[in-house]
Amino acid sequence: MIIRNMWYRTYQAVMRLATNFLDFTPPELLDGPGSVRRLPALIKAKGFSRVLVVTDKGLMAVHLLDGLFDSLREAGVEYALFDGAQANPTIQNIEDALALYKEKGCQAIIAFGGGSSMDCAKGCAARVTNPGRSVPSMRGLLKVGRRPATIFAVPTTAGTGSETTIAAVITDPSTHEKYAINDPKLLPPYAVLDPELTVGLPPHITSTTGMDALTHAVEAYVGRSNTKNTIEKAEKAVALIFANIETAYKDGKNIEARGNMLLASYYAGIAFTRAYVGYVHAIAHNLGGLYGLPHGLANAVILPYVLDYFGESAHAPLARLADIAGVSSEGQSVAEKAEAFVASIRELNRRMAIPEGFEQIREEDIPLIVERAFREAHPLYPVPRIMDRAECEALVRRLMR
């Protein structure tokens with residue numbers, strides 16, 4: 001175990017150095033209420049006249065894209081619509097989007113929706129410029145090859161931060177496994193943060209996507225690969241989330257709270273794109289793949305359990321976050337502040353009707369969950385404390401209901 005852990009830490013140290021030579025430039029932003037209507041002019045200014053819009057049928061059903069479509073027509077930008085993005089995009093899902101892109105002679109992609117639409121669009125964009133590479137062959141780190149087709153990212157949830165991440169999470173339905181393609185080339189060069197697009201989100205989506213953003217910020221912050229910028233962005237994200245998530249949850253039409261949650265998600269995305277995530281994501285991805293659990297919900301439930309496991313190894317950063325979130329008290333020790341922060345996450349979940357565990361987890365699936373979580377987390381994720389398999393199994397069992 002000691003030799004294994006030394007190998008993981010050596011790998012992580014090398015990756016910290018290597019990331020200094022990679023391009024993590026955040027996207028050029030259009031933000032503020034109504035900013036999506038300015039997107040077609042930007043698309044045209046960048047030399048594109050025909051785009052593929054990747055979204056899902058749910059957003060089409062509530063006419064959330066009507067304003068974008070009107071603006072595209074007014075600007076003289078032709079578009080093809082792929083509204084088949086699935087909740088957990090599959091390899092075939094990406095290939096279907098690619099086929100339409102080619103058929104309609106598109107030149108760029110608008111990714112409109114939550115993380116699933118973004119992931120589908122990123123996979124499609126990578127396949128456009130890498131026709132000889134299959135989606136599974138791009139699994140892992142730095143395997144995309146040529147720079148993908150240009151993506152204009154328009155998030156409609158404040159959680160995934162996909163508009164500023166290097167990852168696309170794909171589901172293989174043949175194995176019920178979710179895995180990530182990680183490459184800075186996947187980072188969209190342009191993004192729109194329009195709070196008007198999130199006004200219609202139901203409370204349970206607002207809460208779970210918001211806690212998804214919190215998970216991104218916290219996992220990045222407690223990890224060992226932080227930079228000055230990721231620390232700053234994670235702290236801003238945590239402050240914004242604690243100040244705004246319950247307002248957005250209770251009063252969905254509050255534009256200021258909605259805008260602040262979008263900004264928090266964006267900041268958290270910048271943080272974890274460079275500093276990575278940890279065991280929360282490794283376990284959540286596999287619960288999503290096996291049981292179809294929404295990613296934000298899985299992260300929200302798992303986060304306090306993993307922070308409990310880290311214990312003293314994460315007390316110092318969690319104590320700082322407790323101060324930033326306003327959940328600590330004068331005179332508390334570092335350990336007490338850290339525990340207060342974890343308790344505040346559980347309280348947020350409780351007040352927003354997020355459960356403490358999952359009924360879906362089956363005892364016979366636990367070895368597979370652990371195996372896949374370990375394959376994702378190790379050696380890449382720079383967690384403050386490295387789990388062994390028995391500890392991971394025990395944690396997964398604590399999630400069972």
# chains A, B, ... in the order shown; residues from 1 in each chain; ligands from 1
$ residues_around --residues "segment 175-185 of chain A" --least-positions-apart "6" --cutoff "7 Å" --atoms "only C-alpha atoms" --output "list in words"
Asp23, Phe24, Met138, Arg139, Gly140, Leu141, Leu142, Lys143, Val144, Arg147, Pro148, Ile166, Ala167, Ala168, Val169, His285, Asn286, Gly289 and Leu290 of chain A
$ write_last_selection --atoms "N, CA and C atoms" --output "PDB file, in the first residue's frame"
ATOM      1  N   ASP A  23      -3.043  24.447 -22.139  1.00  0.00           N
ATOM      2  CA  ASP A  23      -3.845  25.665 -22.312  1.00  0.00           C
ATOM      3  C   ASP A  23      -5.183  25.527 -21.604  1.00  0.00           C
ATOM      4  N   PHE A  24      -5.356  26.241 -20.516  1.00  0.00           N
ATOM      5  CA  PHE A  24      -6.613  26.246 -19.775  1.00  0.00           C
ATOM      6  C   PHE A  24      -7.327  27.594 -19.894  1.00  0.00           C
ATOM      7  N   MET A 138     -10.820   7.729 -27.137  1.00  0.00           N
ATOM      8  CA  MET A 138     -10.455   9.026 -26.560  1.00  0.00           C
ATOM      9  C   MET A 138     -10.612   9.047 -25.045  1.00  0.00           C
ATOM     10  N   ARG A 139     -11.054   7.938 -24.479  1.00  0.00           N
ATOM     11  CA  ARG A 139     -11.220   7.841 -23.029  1.00  0.00           C
ATOM     12  C   ARG A 139      -9.898   8.109 -22.322  1.00  0.00           C
ATOM     13  N   GLY A 140      -9.980   8.843 -21.201  1.00  0.00           N
ATOM     14  CA  GLY A 140      -8.776   9.102 -20.435  1.00  0.00           C
ATOM     15  C   GLY A 140      -8.245  10.501 -20.657  1.00  0.00           C
ATOM     16  N   LEU A 141      -6.937  10.645 -20.593  1.00  0.00           N
ATOM     17  CA  LEU A 141      -6.305  11.957 -20.560  1.00  0.00           C
ATOM     18  C   LEU A 141      -5.517  12.224 -21.841  1.00  0.00           C
ATOM     19  N   LEU A 142      -5.782  13.387 -22.444  1.00  0.00           N
ATOM     20  CA  LEU A 142      -5.002  13.904 -23.584  1.00  0.00           C
ATOM     21  C   LEU A 142      -5.011  12.963 -24.787  1.00  0.00           C
ATOM     22  N   LYS A 143      -6.196  12.432 -25.127  1.00  0.00           N
ATOM     23  CA  LYS A 143      -6.285  11.502 -26.246  1.00  0.00           C
ATOM     24  C   LYS A 143      -7.198  11.986 -27.368  1.00  0.00           C
ATOM     25  N   VAL A 144      -7.586  13.256 -27.327  1.00  0.00           N
ATOM     26  CA  VAL A 144      -8.515  13.765 -28.342  1.00  0.00           C
ATOM     27  C   VAL A 144      -7.848  13.912 -29.702  1.00  0.00           C
ATOM     28  N   ARG A 147      -7.729  19.491 -32.584  1.00  0.00           N
ATOM     29  CA  ARG A 147      -8.651  20.378 -31.880  1.00  0.00           C
ATOM     30  C   ARG A 147     -10.064  20.207 -32.418  1.00  0.00           C
ATOM     31  N   PRO A 148     -11.042  20.028 -31.535  1.00  0.00           N
ATOM     32  CA  PRO A 148     -12.425  19.799 -31.975  1.00  0.00           C
ATOM     33  C   PRO A 148     -13.022  20.993 -32.714  1.00  0.00           C
ATOM     34  N   ILE A 166     -12.634  20.669 -19.272  1.00  0.00           N
ATOM     35  CA  ILE A 166     -11.937  19.924 -20.325  1.00  0.00           C
ATOM     36  C   ILE A 166     -12.489  18.515 -20.475  1.00  0.00           C
ATOM     37  N   ALA A 167     -13.625  18.245 -19.828  1.00  0.00           N
ATOM     38  CA  ALA A 167     -14.123  16.870 -19.764  1.00  0.00           C
ATOM     39  C   ALA A 167     -15.432  16.694 -20.515  1.00  0.00           C
ATOM     40  N   ALA A 168     -15.613  15.489 -21.045  1.00  0.00           N
ATOM     41  CA  ALA A 168     -16.899  15.022 -21.539  1.00  0.00           C
ATOM     42  C   ALA A 168     -17.126  13.654 -20.919  1.00  0.00           C
ATOM     43  N   VAL A 169     -18.251  13.476 -20.234  1.00  0.00           N
ATOM     44  CA  VAL A 169     -18.547  12.212 -19.567  1.00  0.00           C
ATOM     45  C   VAL A 169     -19.508  11.407 -20.436  1.00  0.00           C
ATOM     46  N   HIS A 285     -20.025   8.987 -10.628  1.00  0.00           N
ATOM     47  CA  HIS A 285     -20.078   8.577 -12.032  1.00  0.00           C
ATOM     48  C   HIS A 285     -20.546   7.134 -12.166  1.00  0.00           C
ATOM     49  N   ASN A 286     -20.101   6.292 -11.259  1.00  0.00           N
ATOM     50  CA  ASN A 286     -20.439   4.875 -11.383  1.00  0.00           C
ATOM     51  C   ASN A 286     -21.838   4.557 -10.879  1.00  0.00           C
ATOM     52  N   GLY A 289     -23.843   5.560 -13.886  1.00  0.00           N
ATOM     53  CA  GLY A 289     -23.780   4.576 -14.960  1.00  0.00           C
ATOM     54  C   GLY A 289     -24.596   3.333 -14.682  1.00  0.00           C
ATOM     55  N   LEU A 290     -24.573   2.870 -13.439  1.00  0.00           N
ATOM     56  CA  LEU A 290     -25.276   1.639 -13.092  1.00  0.00           C
ATOM     57  C   LEU A 290     -26.776   1.845 -12.905  1.00  0.00           C
TER      58      LEU A 290
END
$ select_by_dssp --residues "segment 36-107 of chain A" --states "alpha helix (DSSP H)" --output "PyMOL selection string"
chain A and resi 39-45+57-61+66-75+91-103
$ closest_residue --among "A:Leu380, A:Val199, A:Val334, A:Leu297" --to "Asp251 of chain A" --atoms "only C-alpha atoms"
A:Val199
$ select_by_dssp --residues "segment 104-313 of chain A" --states "strand (DSSP E or B)" --output "ChimeraX atom specification"
/A:108-113,140-141,151-155,167-172,177-182,190-193
$ residues_around --residues "segment 35-51 of chain A" --least-positions-apart "5" --cutoff "7 Å" --atoms "only C-alpha atoms" --output "mmCIF file with N, CA and C atoms, in the first residue's frame"
data_model
loop_
_atom_site.group_PDB
_atom_site.id
_atom_site.type_symbol
_atom_site.label_atom_id
_atom_site.label_comp_id
_atom_site.auth_asym_id
_atom_site.auth_seq_id
_atom_site.Cartn_x
_atom_site.Cartn_y
_atom_site.Cartn_z
ATOM 1 N N LEU A 30 -20.215 35.819 -22.887
ATOM 2 C CA LEU A 30 -21.347 36.733 -22.974
ATOM 3 C C LEU A 30 -22.164 36.462 -21.718
ATOM 4 N N GLY A 67 -36.068 31.869 -28.395
ATOM 5 C CA GLY A 67 -35.375 33.152 -28.557
ATOM 6 C C GLY A 67 -34.072 32.993 -29.325
ATOM 7 N N LEU A 68 -33.343 31.914 -29.061
ATOM 8 C CA LEU A 68 -32.102 31.657 -29.784
ATOM 9 C C LEU A 68 -32.383 31.429 -31.262
ATOM 10 N N SER A 71 -33.185 34.648 -33.012
ATOM 11 C CA SER A 71 -31.993 35.484 -33.182
ATOM 12 C C SER A 71 -31.068 34.928 -34.259
ATOM 13 N N LEU A 72 -30.969 33.614 -34.350
ATOM 14 C CA LEU A 72 -30.155 33.009 -35.408
ATOM 15 C C LEU A 72 -30.707 33.362 -36.778
ATOM 16 N N ALA A 75 -30.057 36.949 -37.672
ATOM 17 C CA ALA A 75 -28.653 37.213 -37.975
ATOM 18 C C ALA A 75 -28.191 36.531 -39.261
ATOM 19 N N VAL A 77 -27.867 33.239 -39.651
ATOM 20 C CA VAL A 77 -27.076 32.037 -39.343
ATOM 21 C C VAL A 77 -27.993 30.821 -39.465
ATOM 22 N N GLU A 78 -27.670 29.928 -40.392
ATOM 23 C CA GLU A 78 -28.464 28.706 -40.562
ATOM 24 C C GLU A 78 -28.138 27.727 -39.438
ATOM 25 N N TYR A 79 -29.133 26.905 -39.077
ATOM 26 C CA TYR A 79 -28.877 25.939 -38.012
ATOM 27 C C TYR A 79 -29.596 24.624 -38.292
ATOM 28 N N ALA A 80 -28.963 23.555 -37.850
ATOM 29 C CA ALA A 80 -29.591 22.239 -37.818
ATOM 30 C C ALA A 80 -29.800 21.884 -36.356
ATOM 31 N N CYS A 106 -22.485 21.523 -41.317
ATOM 32 C CA CYS A 106 -22.292 22.503 -40.237
ATOM 33 C C CYS A 106 -20.812 22.852 -40.066
ATOM 34 N N GLN A 107 -20.580 24.007 -39.462
ATOM 35 C CA GLN A 107 -19.215 24.514 -39.269
ATOM 36 C C GLN A 107 -18.835 24.675 -37.797
ATOM 37 N N ALA A 108 -19.815 24.671 -36.916
ATOM 38 C CA ALA A 108 -19.588 24.847 -35.483
ATOM 39 C C ALA A 108 -20.799 24.298 -34.738
ATOM 40 N N ILE A 109 -20.715 24.270 -33.409
ATOM 41 C CA ILE A 109 -21.764 23.664 -32.590
ATOM 42 C C ILE A 109 -22.184 24.627 -31.479
ATOM 43 N N ILE A 110 -23.505 24.745 -31.275
ATOM 44 C CA ILE A 110 -24.035 25.400 -30.084
ATOM 45 C C ILE A 110 -24.485 24.293 -29.134
ATOM 46 N N VAL A 192 -22.026 31.386 -22.898
ATOM 47 C CA VAL A 192 -23.073 32.361 -22.591
ATOM 48 C C VAL A 192 -23.639 32.042 -21.214
ATOM 49 N N ASP A 194 -26.561 33.241 -19.252
ATOM 50 C CA ASP A 194 -27.794 34.026 -19.280
ATOM 51 C C ASP A 194 -28.747 33.504 -18.206
#
$ closest_residue --among "A:Gln86, A:Thr230, A:Asn5, A:Ser225" --to "Gly269 of chain A" --atoms "only C-alpha atoms"
A:Thr230
$ atom_distance --atom1 "atom CA of Ile302 of chain A" --atom2 "atom CA of Ala284 of chain A"
7.4 Å
$ residues_around --residues "Ala353 of chain A" --least-positions-apart "5" --cutoff "9 Å" --atoms "only C-alpha atoms" --output "PDB file with N, CA and C atoms, in the first residue's frame"
ATOM      1  N   HIS A 204     -36.013  21.001  -7.566  1.00  0.00           N
ATOM      2  CA  HIS A 204     -35.119  19.873  -7.325  1.00  0.00           C
ATOM      3  C   HIS A 204     -33.928  19.884  -8.281  1.00  0.00           C
ATOM      4  N   SER A 207     -31.568  22.692  -6.888  1.00  0.00           N
ATOM      5  CA  SER A 207     -30.812  22.269  -5.707  1.00  0.00           C
ATOM      6  C   SER A 207     -29.688  21.310  -6.073  1.00  0.00           C
ATOM      7  N   LEU A 348     -27.918  21.901   4.266  1.00  0.00           N
ATOM      8  CA  LEU A 348     -28.385  22.389   2.961  1.00  0.00           C
ATOM      9  C   LEU A 348     -29.155  21.293   2.235  1.00  0.00           C
TER      10      LEU A 348
END
$ residues_around --residues "segment 234-243 of chain A" --least-positions-apart "3" --cutoff "8 Å" --atoms "only C-alpha atoms" --output "ChimeraX atom specification"
/A:210,213-214,217-218,220-221,230-231,246,260-261,263-265,267-268,271,321,324-325
